[in-house]
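data_25.txt, holding compact mmCIF, C-alpha atoms:
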```txt
# COMPACT_ATOMS: atom_id res chain seq x y z
CA MET L 1 -14.99 5.83 26.75
CA PHE L 2 -13.84 6.84 23.29
CA TYR L 3 -15.21 8.25 20.08
CA LYS L 4 -14.59 6.95 16.58
CA GLY L 5 -15.59 8.02 13.12
CA ALA L 6 -14.49 7.69 9.52
CA TYR L 7 -15.08 9.29 6.17
CA LYS L 8 -14.28 8.03 2.69
CA THR L 9 -13.66 10.73 0.11
CA PRO L 10 -15.60 9.86 -3.07
CA GLY L 11 -13.04 8.46 -5.52
CA GLY L 12 -10.46 8.67 -2.73
CA LYS L 13 -9.50 6.87 0.45
CA LEU L 14 -10.77 6.39 3.97
CA VAL L 15 -9.64 8.54 6.89
CA GLY L 16 -10.59 7.47 10.39
CA VAL L 17 -10.19 9.03 13.79
CA ARG L 18 -10.40 7.83 17.37
CA PHE L 19 -10.16 10.00 20.48
CA THR L 20 -11.38 10.64 23.99
CA GLN L 21 -12.60 13.91 25.47
CA ARG L 22 -11.27 15.83 28.43
CA ASP L 23 -13.07 19.01 29.57
CA GLY L 24 -14.66 19.35 26.15
CA LEU L 25 -11.35 19.02 24.32
CA LEU L 26 -10.28 16.16 22.02
CA SER L 27 -7.64 14.01 23.68
CA GLU L 28 -5.56 10.87 22.91
CA VAL L 29 -6.24 11.38 19.21
CA GLU L 30 -5.36 8.73 16.61
CA VAL L 31 -5.69 9.38 12.88
CA HIS L 32 -5.53 6.42 10.51
CA GLY L 33 -6.62 5.26 7.08
CA ASP L 34 -5.60 3.87 3.70
CA PHE L 35 -4.59 7.26 2.31
CA PHE L 36 -1.11 8.21 1.07
CA LEU L 37 0.92 10.90 2.83
CA TYR L 38 4.37 12.29 2.02
CA PRO L 39 6.37 12.84 4.10
CA GLU L 40 4.99 10.14 6.36
CA ASP L 41 5.71 11.85 9.68
CA VAL L 42 3.23 14.62 8.86
CA LEU L 43 0.72 12.17 10.33
CA GLN L 44 2.01 13.12 13.79
CA THR L 45 1.56 16.83 12.91
CA ILE L 46 -2.01 16.23 11.77
CA THR L 47 -2.79 14.22 14.88
CA ALA L 48 -1.26 16.93 17.09
CA ALA L 49 -3.45 19.56 15.39
CA LEU L 50 -6.56 17.72 16.62
CA GLU L 51 -5.21 17.14 20.13
CA GLY L 52 -6.80 19.75 22.40
CA ALA L 53 -9.25 20.99 19.76
CA PRO L 54 -12.59 22.01 21.30
CA ALA L 55 -15.21 19.35 20.59
CA ASP L 56 -17.76 22.05 19.75
CA LEU L 57 -15.58 23.63 17.04
CA GLU L 58 -17.44 24.15 13.78
CA ASP L 59 -16.46 22.04 10.76
CA VAL L 60 -14.86 24.94 8.91
CA ALA L 61 -12.79 25.99 11.91
CA LEU L 62 -11.66 22.40 12.46
CA THR L 63 -10.77 22.01 8.78
CA ASN L 64 -8.72 25.22 8.96
CA ARG L 65 -6.99 24.10 12.14
CA ILE L 66 -5.87 20.89 10.40
CA ALA L 67 -4.97 22.60 7.10
CA GLU L 68 -2.85 25.25 8.83
CA ALA L 69 -0.82 22.61 10.64
CA ILE L 70 0.19 20.80 7.44
CA PRO L 71 3.60 21.98 6.20
CA ASP L 72 4.07 23.27 2.63
CA GLY L 73 5.22 20.55 0.27
CA THR L 74 3.12 17.85 1.93
CA GLU L 75 1.28 15.50 -0.44
CA TRP L 76 -1.87 14.00 1.07
CA LEU L 77 -3.55 11.77 -1.51
CA GLY L 78 -7.02 10.32 -1.08
CA ALA L 79 -7.93 12.34 2.03
CA SER L 80 -7.91 15.99 3.13
CA PRO L 81 -8.37 18.29 6.15
CA ASP L 82 -12.03 18.53 5.17
CA ALA L 83 -12.42 14.73 5.10
CA LEU L 84 -10.74 14.39 8.50
CA ALA L 85 -12.96 17.12 9.99
CA THR L 86 -15.97 15.18 8.71
CA ALA L 87 -14.66 12.01 10.40
CA VAL L 88 -14.31 13.95 13.68
CA ARG L 89 -17.85 15.32 13.41
CA ARG L 90 -19.20 11.83 12.70
CA ALA L 91 -17.32 10.48 15.72
CA LEU L 92 -18.89 13.14 17.96
CA GLU L 93 -22.35 12.56 16.48
CA GLY L 94 -21.96 8.83 17.09
CA GLY L 95 -21.46 9.48 20.78
CA PRO L 96 -19.08 7.83 23.24
CA ILE L 97 -18.32 4.11 22.99
CA ASP L 98 -17.52 1.99 26.04
CA GLY L 99 -14.03 0.50 26.19
CA MET X 1 1.47 11.79 -21.06
CA ALA X 2 2.82 11.29 -24.55
CA GLU X 3 3.87 7.72 -25.24
CA ARG X 4 7.27 8.87 -26.49
CA ASP X 5 7.98 10.76 -23.26
CA THR X 6 6.97 7.71 -21.21
CA LEU X 7 9.31 5.45 -23.19
CA ASP X 8 12.18 7.91 -22.91
CA ARG X 9 11.75 8.14 -19.18
CA TRP X 10 11.99 4.35 -18.85
CA ARG X 11 14.71 3.73 -21.42
CA GLN X 12 17.16 6.29 -20.04
CA TYR X 13 18.22 3.66 -17.46
CA ASP X 14 19.81 0.21 -17.54
CA TRP X 15 17.22 -1.75 -15.59
CA GLN X 16 18.06 -4.75 -13.45
CA LEU X 17 15.89 -7.62 -12.30
CA ILE X 18 15.90 -9.26 -8.90
CA ALA X 19 13.97 -12.48 -9.34
CA ALA X 20 11.63 -14.01 -6.80
CA GLU X 21 12.95 -16.12 -3.93
CA PRO X 22 10.66 -17.24 -1.12
CA THR X 23 11.19 -14.50 1.44
CA GLU X 24 9.90 -13.89 4.96
CA PRO X 25 7.23 -11.17 4.99
CA HIS X 26 9.27 -8.75 7.16
CA MET X 27 12.31 -9.25 4.92
CA ASN X 28 10.30 -8.31 1.84
CA LEU X 29 9.50 -4.96 3.43
CA ALA X 30 13.05 -4.41 4.64
CA LEU X 31 14.49 -5.27 1.21
CA ASP X 32 12.21 -2.64 -0.31
CA GLU X 33 13.72 0.00 1.92
CA VAL X 34 17.33 -1.16 1.41
CA LEU X 35 16.99 -1.27 -2.38
CA THR X 36 15.19 2.09 -2.54
CA LEU X 37 18.01 3.75 -0.61
CA GLN X 38 20.67 2.06 -2.77
CA VAL X 39 19.03 3.29 -5.96
CA GLY X 40 18.70 6.78 -4.45
CA GLN X 41 22.40 6.80 -3.66
CA GLY X 42 23.34 5.56 -7.12
CA LEU X 43 24.80 2.35 -5.64
CA ARG X 44 22.43 0.22 -7.70
CA PRO X 45 20.79 0.77 -11.10
CA PRO X 46 17.02 1.20 -11.20
CA THR X 47 15.57 -2.20 -10.41
CA LEU X 48 12.48 -4.37 -10.82
CA ARG X 49 12.07 -6.93 -8.04
CA ILE X 50 9.58 -9.77 -8.10
CA TRP X 51 8.61 -10.79 -4.59
CA GLY X 52 8.50 -14.28 -3.20
CA TRP X 53 6.25 -14.94 -0.23
CA SER X 54 7.20 -17.66 2.24
CA ARG X 55 4.06 -17.61 4.38
CA ARG X 56 0.61 -16.13 4.93
CA CYS X 57 0.49 -12.57 6.12
CA ILE X 58 -1.52 -9.38 6.34
CA VAL X 59 0.35 -6.33 5.06
CA LEU X 60 -0.97 -3.15 6.64
CA GLY X 61 -0.57 0.24 5.02
CA ARG X 62 1.70 2.71 6.81
CA PHE X 63 -1.21 4.65 8.33
CA GLN X 64 -3.70 1.93 9.16
CA SER X 65 -4.84 0.95 12.61
CA VAL X 66 -4.48 -2.72 13.55
CA ARG X 67 -7.75 -2.91 15.46
CA ASN X 68 -9.68 -1.39 12.56
CA GLU X 69 -8.28 -3.72 9.91
CA VAL X 70 -7.46 -7.05 11.52
CA ASP X 71 -9.29 -9.70 13.50
CA GLU X 72 -6.24 -10.61 15.55
CA ALA X 73 -7.73 -13.72 17.14
CA ASN X 74 -8.58 -15.20 13.74
CA ALA X 75 -5.24 -14.11 12.28
CA ALA X 76 -3.43 -15.93 15.09
CA LYS X 77 -5.63 -19.00 14.71
CA HIS X 78 -4.78 -19.26 11.00
CA GLU X 79 -1.09 -18.40 11.52
CA VAL X 80 -1.32 -15.20 9.54
CA GLN X 81 1.60 -12.91 10.34
CA LEU X 82 0.92 -9.20 10.74
CA ILE X 83 3.34 -6.76 9.10
CA ARG X 84 3.34 -3.04 8.29
CA ARG X 85 4.91 -1.57 5.16
CA ILE X 86 6.43 1.91 4.70
CA SER X 87 3.95 2.95 2.02
CA GLY X 88 0.37 4.08 2.53
CA GLY X 89 -2.71 2.39 1.11
CA GLY X 90 -4.85 -0.48 2.31
CA ALA X 91 -4.40 -3.83 4.04
CA MET X 92 -3.81 -6.94 1.97
CA PHE X 93 -4.22 -10.57 2.93
CA ILE X 94 -1.48 -12.57 1.23
CA GLU X 95 -1.05 -16.28 0.65
CA PRO X 96 2.26 -17.31 -0.97
CA GLU X 97 0.76 -18.68 -4.19
CA GLY X 98 -2.18 -16.29 -4.20
CA ALA X 99 -0.47 -13.02 -5.05
CA ILE X 100 1.97 -11.59 -7.57
CA THR X 101 3.89 -8.68 -6.06
CA TRP X 102 6.60 -6.59 -7.64
CA SER X 103 8.53 -3.44 -6.77
CA ILE X 104 10.18 -0.78 -8.85
CA TYR X 105 13.01 1.27 -7.39
CA ALA X 106 13.78 4.35 -9.46
CA PRO X 107 15.50 7.71 -9.07
CA GLU X 108 12.97 10.42 -8.24
CA GLU X 109 14.15 12.36 -11.31
CA MET X 110 12.46 9.68 -13.43
CA VAL X 111 9.07 11.20 -12.52
CA LYS X 112 10.24 14.81 -12.48
CA GLY X 113 7.44 17.24 -13.30
CA MET X 114 4.79 14.59 -12.70
CA SER X 115 2.23 14.79 -9.92
CA PHE X 116 2.36 12.11 -7.24
CA ALA X 117 -0.99 10.82 -8.47
CA ASP X 118 0.20 10.60 -12.11
CA SER X 119 3.34 8.74 -11.07
CA TYR X 120 1.16 5.84 -9.84
CA ALA X 121 -0.29 5.31 -13.30
CA PHE X 122 3.15 5.83 -14.82
CA PHE X 123 4.83 3.00 -12.87
CA ASP X 124 1.93 0.57 -13.34
CA GLY X 125 1.48 1.26 -17.07
CA TRP X 126 3.77 -1.54 -18.27
CA ALA X 127 2.01 -4.08 -16.04
CA VAL X 128 -1.40 -3.11 -17.41
CA ASP X 129 -0.04 -3.50 -20.95
CA ALA X 130 1.56 -6.85 -20.07
CA LEU X 131 -1.77 -8.11 -18.70
CA ARG X 132 -3.55 -6.94 -21.84
CA GLU X 133 -1.08 -8.95 -23.88
CA LEU X 134 -2.07 -11.96 -21.76
CA GLY X 135 -5.63 -11.39 -22.89
CA VAL X 136 -6.88 -9.65 -19.74
CA ASP X 137 -9.10 -6.64 -20.40
CA ALA X 138 -7.20 -4.56 -17.82
CA TRP X 139 -6.92 -0.83 -17.26
CA TYR X 140 -5.64 1.60 -14.69
CA GLU X 141 -8.10 3.14 -12.29
CA PRO X 142 -6.81 6.16 -10.37
CA LEU X 143 -5.60 6.58 -7.77
CA ASN X 144 -3.85 3.25 -7.42
CA ASP X 145 -5.82 0.32 -8.80
CA ILE X 146 -5.38 -2.11 -11.68
CA THR X 147 -8.82 -3.31 -12.63
CA SER X 148 -10.51 -5.15 -15.49
CA SER X 149 -13.84 -6.05 -17.00
CA GLY X 150 -13.52 -9.25 -14.92
CA GLY X 151 -13.08 -7.37 -11.62
CA LYS X 152 -10.38 -5.63 -9.60
CA ILE X 153 -6.91 -7.15 -9.99
CA GLY X 154 -4.55 -5.22 -7.76
CA GLY X 155 -3.33 -2.07 -6.10
CA ALA X 156 -0.15 -0.03 -5.91
CA ALA X 157 1.50 2.00 -3.17
CA GLN X 158 4.52 4.27 -3.13
CA ALA X 159 7.07 5.66 -0.73
CA ARG X 160 9.90 8.09 -1.39
CA ARG X 161 13.27 7.86 0.32
CA GLY X 162 16.62 9.56 -0.24
CA GLY X 163 15.97 10.69 -3.81
CA ALA X 164 14.32 7.46 -4.94
CA VAL X 165 10.78 6.26 -5.50
CA LEU X 166 9.57 2.89 -4.30
CA HIS X 167 6.52 1.74 -6.23
CA HIS X 168 5.13 -1.68 -5.32
CA THR X 169 2.06 -3.41 -6.65
CA THR X 170 0.26 -6.55 -5.54
CA MET X 171 -2.00 -8.38 -7.96
CA ALA X 172 -4.42 -11.15 -6.99
CA TYR X 173 -3.64 -14.50 -8.60
CA GLN X 174 -5.99 -16.68 -6.62
CA MET X 175 -8.08 -15.55 -3.69
CA ASN X 176 -9.16 -17.33 -0.56
CA ILE X 177 -12.08 -15.01 0.11
CA PRO X 178 -13.62 -16.90 3.05
CA LEU X 179 -10.29 -16.78 4.93
CA MET X 180 -9.67 -13.18 3.88
CA LEU X 181 -13.02 -12.16 5.35
CA GLU X 182 -12.16 -14.00 8.57
CA VAL X 183 -8.87 -12.20 9.17
CA LEU X 184 -9.54 -8.76 7.68
CA ARG X 185 -12.31 -6.60 9.04
CA ILE X 186 -13.39 -5.31 5.61
CA GLY X 187 -17.10 -5.75 5.82
CA GLN X 188 -16.80 -8.52 8.35
CA GLU X 189 -20.44 -7.94 9.23
CA LYS X 190 -21.14 -9.33 5.76
CA LEU X 191 -19.74 -12.76 6.54
CA SER X 192 -22.85 -14.30 5.06
CA ASP X 193 -22.86 -16.21 1.78
CA LYS X 194 -24.10 -13.06 0.16
CA GLY X 195 -21.05 -11.17 1.43
CA ILE X 196 -18.69 -13.77 0.05
CA LYS X 197 -20.44 -13.79 -3.31
CA SER X 198 -20.36 -10.02 -3.57
CA ALA X 199 -16.64 -9.97 -2.69
CA GLU X 200 -16.04 -12.62 -5.35
CA LYS X 201 -17.80 -10.49 -7.93
CA ARG X 202 -15.69 -7.43 -7.22
CA VAL X 203 -12.32 -9.13 -7.74
CA GLY X 204 -10.90 -10.73 -10.86
CA PRO X 205 -7.93 -12.89 -9.83
CA LEU X 206 -5.50 -13.60 -12.66
CA ARG X 207 -5.75 -17.37 -12.49
CA GLN X 208 -9.44 -17.12 -13.27
CA GLN X 209 -8.84 -14.57 -16.03
CA THR X 210 -5.82 -16.16 -17.76
CA GLU X 211 -5.97 -19.86 -16.80
CA LEU X 212 -2.16 -19.68 -16.67
CA PRO X 213 0.11 -20.89 -13.86
CA ARG X 214 1.36 -18.09 -11.59
CA ASP X 215 5.01 -18.61 -12.65
CA VAL X 216 4.08 -18.27 -16.31
CA ILE X 217 2.32 -14.96 -15.71
CA ILE X 218 5.37 -13.65 -13.85
CA GLU X 219 7.70 -14.87 -16.61
CA LYS X 220 5.58 -13.24 -19.31
CA MET X 221 5.42 -9.98 -17.40
CA VAL X 222 9.19 -9.92 -16.95
CA ASP X 223 9.66 -10.69 -20.66
CA PHE X 224 7.31 -7.86 -21.51
CA PHE X 225 9.31 -5.45 -19.35
CA ARG X 226 12.60 -6.65 -20.89
CA ASP X 227 11.34 -6.26 -24.45
CA ARG X 228 10.05 -2.78 -23.82
CA TYR X 229 12.64 -1.21 -21.54
CA GLY X 230 15.60 -3.60 -21.36
CA LEU X 231 16.40 -5.69 -18.27
CA GLU X 232 19.60 -7.36 -17.04
CA SER X 233 20.03 -9.70 -14.09
CA GLY X 234 20.73 -7.99 -10.79
CA VAL X 235 22.16 -9.48 -7.63
CA LEU X 236 21.14 -9.46 -4.01
CA GLY X 237 24.43 -9.86 -2.17
CA SER X 238 25.02 -11.09 1.35
CA GLU X 239 25.64 -7.49 2.46
CA ASP X 240 22.25 -6.42 1.10
CA ILE X 241 20.61 -9.29 2.97
CA ALA X 242 22.46 -8.42 6.16
CA GLU X 243 21.34 -4.80 5.87
CA ALA X 244 17.72 -5.89 5.45
CA GLU X 245 18.00 -8.30 8.39
CA ALA X 246 19.23 -5.44 10.55
CA LEU X 247 16.15 -3.41 9.53
CA VAL X 248 13.87 -6.31 10.44
CA ARG X 249 15.52 -6.55 13.86
CA ASP X 250 15.47 -2.81 14.53
CA ARG X 251 12.16 -1.83 12.98
CA PHE X 252 9.95 -4.04 10.79
CA GLY X 253 9.93 -6.94 13.22
CA THR X 254 9.27 -4.82 16.32
CA ARG X 255 5.94 -4.46 18.07
CA ASP X 256 6.41 -0.65 18.11
CA TRP X 257 6.42 -0.61 14.31
CA VAL X 258 3.62 -3.07 13.65
CA TYR X 259 1.40 -1.49 16.33
CA PHE X 260 2.43 2.07 15.46
CA LEU X 261 -1.34 2.61 15.24
CA PRO X 262 -2.81 -0.01 17.57
```
Give the structure from the file, written as structure tokens.
Amino acid sequence: MFYKGAYKTPGGKLVGVRFTQRDGLLSEVEVHGDFFLYPEDVLQTITAALEGAPADLEDVALTNRIAEAIPDGTEWLGASPDALATAVRRALEGGPIDG
Amino acid sequence: MAERDTLDRWRQYDWQLIAAEPTEPHMNLALDEVLTLQVGQGLRPPTLRIWGWSRRCIVLGRFQSVRNEVDEANAAKHEVQLIRRISGGGAMFIEPEGAITWSIYAPEEMVKGMSFADSYAFFDGWAVDALRELGVDAWYEPLNDITSSGGKIGGAAQARRGGAVLHHTTMAYQMNIPLMLEVLRIGQEKLSDKGIKSAEKRVGPLRQQTELPRDVIIEKMVDFFRDRYGLESGVLGSEDIAEAEALVRDRFGTRDWVYFLP
């Protein structure tokens, strides 16, 4: 059972997310998309920020949790913490998928 | 940006050209990394490389997930190799004679004071102008597209390594849209005639827009670059090739890299 969702920023790029849930927390998170990110390994930091996040966290709190994890000097073009939080919410709203 | 400033930024360097040779998909990616690092270290002047493609492939962006972008069964059936580049952006389906791809390797100081987003338009500007000279009504569409009144033409992506910028752009010359829709998952649910027609409307491959052979377009683009910024012949030596081959073995050709996001 997993969850997946995506969000395309208007005039920007797509950010997608896939995860499972364990005890109400996001687990085995994958973040992907056709955005640009410098430096590239900040992707692991962003993914780690979602790992263990409570599934019932409000959008704003989730956005902040992602934003706070991103180091100064990072360039994320075409997507944003807000866009990723929206993808997570959509994944949860979509419900679990078999597989 | 003022035109004068743009010209000065380009003309401060002695540019070199590495001309197209048919190259294995993984090697194209590895050469990009080798040449970027060499330019960053001052071992090689800023360089324009025209890519040669030896076979069909799908090039995934650095952060894309294989299962989201690719129909692997169909890709295998049609002998489409799957590769992942170091730059972000979207997946491309490439056939050797169907695309025109080029890279620019430049010191990061060339785009000093410019936002990352602006640097995309900056490095593609000459190509847009070259296409206009070929009679294509082309323009730049932020963040990273070259488009035209006849449809979308291409897209750019960048990576930065060791003080250098890698900017590479792929432009559609001739598209095999039915096969593209089979191997890429973009709107695969639309695999009806209507889907194919709507995809055909959105893109404006250069063959259709110029009625010129692919080699002639490349030659005219290179001439345009040479006239505007200066361009001498550069060399890919056996050591450069060996370095790229080592990168293919250790990274680009490995399952860990290609399936970095499964």
Starting from chain X, keep only residues with some atom at most 7 Å from an atom of chain L, counting all atoms listed in the file, and report them as a PyMOL selection string.
-> chain X and resi 61+63-65+88-90
Give as number ranges by chain every residue, naming chains and numbers as the document does, that has an atom within 7 Å of (-3.5, -13.7, -6.0), counting all atoms listed in the file.
-> X: 97-100, 171-175, 205-206
Box for stretch 41-53 of chain L: with edges along x, y and z, all listed atoms inside and 5 Å added on each side, what are the centre and edge lengths in Å to one decimal, as lines of an AutoDock Vina configuration file?
```
center_x = -1.8
center_y = 16.4
center_z = 15.6
size_x = 25.0
size_y = 19.1
size_z = 23.5
```
Residue among L:Gly52, L:Gly99, L:Gly24, L:Thr9 lying closest to L:Pro81, counting all atoms listed in the file =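 Under the stated criterion, the closest residue is L:Thr9.
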Take atom CA of X:Met92 and atom CA of X:Cys57 and report the distance between them in Å, one decimal.
-> 8.2 Å
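We find atom CA of X:Lys77 and atom CA of X:Gly52 to be spaced 23.3 Å apart.
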Grab the atom CA of X:Ala130 to atom CA of X:Ile177 distance for me, in Å with one decimal place.
->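 If I compute the distance from atom CA of X:Ala130 to atom CA of X:Ile177, I get 25.7 Å.
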Take the point (-12.3, -7.1, 9.2) in the file's coordinates, draw a sphere of radius 6 Å around it, and report as a PyMOL selection string every protein, DNA or RNA residue with an atom inside or on it, counting all atoms listed in the file.
-> chain X and resi 69-71+184-186+188
Write out as a PyMOL selection string the residues lying within 8 Å of L:Arg89, counting all atoms listed in the file and excluding same-chain residues fewer than 4 positions away.
-> chain L and resi 5+59+85+93
Which residues are close to X:Ala30, i.e. within 9 Å by only C-alpha atoms, leaving aside same-chain residues fewer than 4 positions away? Reply as a tab-separated table (two decimals) with C-alpha atoms, keeping the file's coordinate frame.
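Wrote part-v5.tsv, looks like this:
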```
chain	number	residue	atom	x	y	z
X	25	PRO	CA	7.23	-11.17	4.99
X	26	HIS	CA	9.27	-8.75	7.16
X	34	VAL	CA	17.33	-1.16	1.41
X	35	LEU	CA	16.99	-1.27	-2.38
X	85	ARG	CA	4.91	-1.57	5.16
X	243	GLU	CA	21.34	-4.80	5.87
X	244	ALA	CA	17.72	-5.89	5.45
X	245	GLU	CA	18.00	-8.30	8.39
X	246	ALA	CA	19.23	-5.44	10.55
X	247	LEU	CA	16.15	-3.41	9.53
X	248	VAL	CA	13.87	-6.31	10.44
X	251	ARG	CA	12.16	-1.83	12.98
X	252	PHE	CA	9.95	-4.04	10.79
```
